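Trainee: Take a look at this one; I'll ask things after.
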Amino acid sequence: MPTAILIDGSFFLKRYRRLVEQGGQDAPAVVADRLMNWALAHLNYHGDKRELYRIFFYDAPPLQKRVHWPVSQKSLDFSKTPEALFRLALFDDLRKRRKLALRLGELADHGGWTLKPDAQKQLLHGNLARDQLLDEHFSYHVMQKGVDMRIGLDIAALAHKRQADQIILMAGDADFVPAAKLARREGIDFILDPMWQPIPAALHEHIDGLRSTCPKRVPRPS
């Protein structure tokens, strides 16, 4: 039976931009190519040749509304921000990839600006006055909705329908633990790929293996 590879998109992009020097400047097609290469490397890990069932990529669409900055009151169109344009182009690229399924959740728009943690610390320590606050000290508060649920449902479906006997999950938090327990009870070999991010020791008891196929650091070509 084949291997299913599930990728938490938000986690992947955060780790990608940390591991790849100036990775935030890479075009969507470059990121998609690396994603595919790192995922498929699990199929030939240390000589263990396996077949691919499917790659699942989970994320939420970027915010695409118009708001006003909290200090300057200038207009901001989120649909035209570099991150929104990148995310949409990446999704379009991934949709065209063979054996890849795009699973999109939603964004919970809380409709407000929040002070960034660094700015809060500066205010509390007296290093920043209220009248010195700038737009850059704030971030717009949104949260992904339904992404973890989709990951859990797909893990359960893969296990109960016996569509794969091995699941690779590229993620970095403990939200997957209940689904991992279910899969392992069904005899699934459950591997976590945290992309070299350390995980709590307690998580080891809920997985069958831990491995990262991406490089620890990808230098920028000179």
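Here, A, B, ... name the chains of the structure tokens in the order displayed, residue numbers run from 1 inside each chain, and ligands are numbered from 1 in the same displayed order.
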Identify, with DSSP run on backbone atoms, the residues in region 35-186 of chain A assigned to strand (DSSP E or B), and express the list as a PyMOL selection string.
Mentor: chain A and resi 44-45+48-49+52-59+66-68+75-77+100-104+106-115+138-145+166-170
Trainee: What's around Leu107 (chain A) at 6 Å? Count only C-alpha atoms, leave out sequence neighbours fewer than 4 positions away in its own chain, and write the answer as a PyMOL selection string.
Mentor: chain A and resi 143-145
Trainee: Could you dump the residues just selected with N, CA, C and O atoms as a compact mmCIF listing (two decimals), in the first residue's frame?
Mentor:
```txt
# COMPACT_ATOMS: atom_id res chain seq x y z
N MET A 143 -7.25 34.57 11.74
CA MET A 143 -6.84 33.21 12.09
C MET A 143 -7.38 32.23 11.07
O MET A 143 -8.48 32.43 10.52
N GLN A 144 -6.62 31.18 10.81
CA GLN A 144 -7.10 30.14 9.92
C GLN A 144 -8.21 29.35 10.61
O GLN A 144 -8.19 29.14 11.82
N LYS A 145 -9.19 28.95 9.83
CA LYS A 145 -10.32 28.20 10.36
C LYS A 145 -10.58 26.99 9.48
O LYS A 145 -10.68 27.11 8.27
```
Trainee: Name the residues in contact with region 64-81 of chain A at a cut-off of 10 Å, using only C-alpha atoms, excluding same-chain residues fewer than 6 positions from it; report them as a ChimeraX atom specification.
Mentor: /A:88,109,111-114,131,133-140
Trainee: With a distance cut-off of 7 Å and only C-alpha atoms, select the neighbouring residues of region 37-43 of chain A, excluding the residue or stretch itself and same-chain residues fewer than 5 positions from it, and output the selection as a list in words.
Mentor: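 Here the answer would be Ile5, Asp48, Lys49, Arg50, Glu51, Thr213 and Cys214 of chain A.
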Trainee: Excluding region 25-31 of chain A and any residue of its chain fewer than 4 positions from it, enumerate the residues within 7 Å of it, using only C-alpha atoms, and give them as a list in words.
Mentor: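 That gives Leu35, Phe86, Ala89, Leu90 and Asp93 of chain A.
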Trainee: Would you save the residues from that selection as an mmCIF file, in the first residue's frame, using C-alpha atoms?
Mentor:
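Written file, part.cif:
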```cif
data_model
loop_
_atom_site.group_PDB
_atom_site.id
_atom_site.type_symbol
_atom_site.label_atom_id
_atom_site.label_comp_id
_atom_site.auth_asym_id
_atom_site.auth_seq_id
_atom_site.Cartn_x
_atom_site.Cartn_y
_atom_site.Cartn_z
ATOM 1 C CA LEU A 35 7.900 21.372 -1.723
ATOM 2 C CA PHE A 86 2.263 34.978 -3.587
ATOM 3 C CA ALA A 89 -0.019 32.122 -7.279
ATOM 4 C CA LEU A 90 1.317 29.236 -5.183
ATOM 5 C CA ASP A 93 0.759 26.237 -9.252
#
```
Trainee: If you count only C-alpha atoms, which residues fall within 8 Å of region 16-21 of chain A, apart from same-chain ones fewer than 5 positions away, as number ranges by chain?
Mentor: A: 215-220
Trainee: With distances taken over only C-alpha atoms, which of A:Lys96, A:Ala171, A:Ala201, A:His46 is nearest to Ile7 (chain A)?
Mentor: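 Using only C-alpha atoms, the shortest distance to Ile7 (chain A) belongs to A:Ala171.
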Trainee: What gap, in Å, lies between CA of Asp165 (chain A) and CA of Arg103 (chain A)?
Mentor: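 Calculated distance between CA of Asp165 (chain A) and CA of Arg103 (chain A) is 21.0 Å.
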Trainee: To test your reading of the structure, identify every residue in region 14-191 of chain A that backbone DSSP assigns to helix (DSSP H, G or I), and report it as an MDAnalysis selection string.
Mentor: chainID A and resid 14:19 23:25 28:43 78:80 82:95 117:124 130:132 135:137 147:160 177:185
Trainee: Report as JSON lines the residues of region 11-36 of chain A within 10 Å of region 97-100 of chain A, each with its shortest atom pair and distance in Å (one decimal), using only C-alpha atoms, ordered by chain and increasing residue number.
Mentor:
```
{"residue": "A:Ala32", "atom": "CA", "partner": "A:Arg97", "partner_atom": "CA", "distance": 8.9}
{"residue": "A:Asp33", "atom": "CA", "partner": "A:Arg97", "partner_atom": "CA", "distance": 9.6}
{"residue": "A:Met36", "atom": "CA", "partner": "A:Arg97", "partner_atom": "CA", "distance": 8.8}
```
Trainee: Considering only C-alpha atoms, state which residue in the set A:Ala60, A:Ile188, A:Leu128, A:Glu205 is at the smallest distance from Ala156 (chain A).
Mentor: A:Ile188
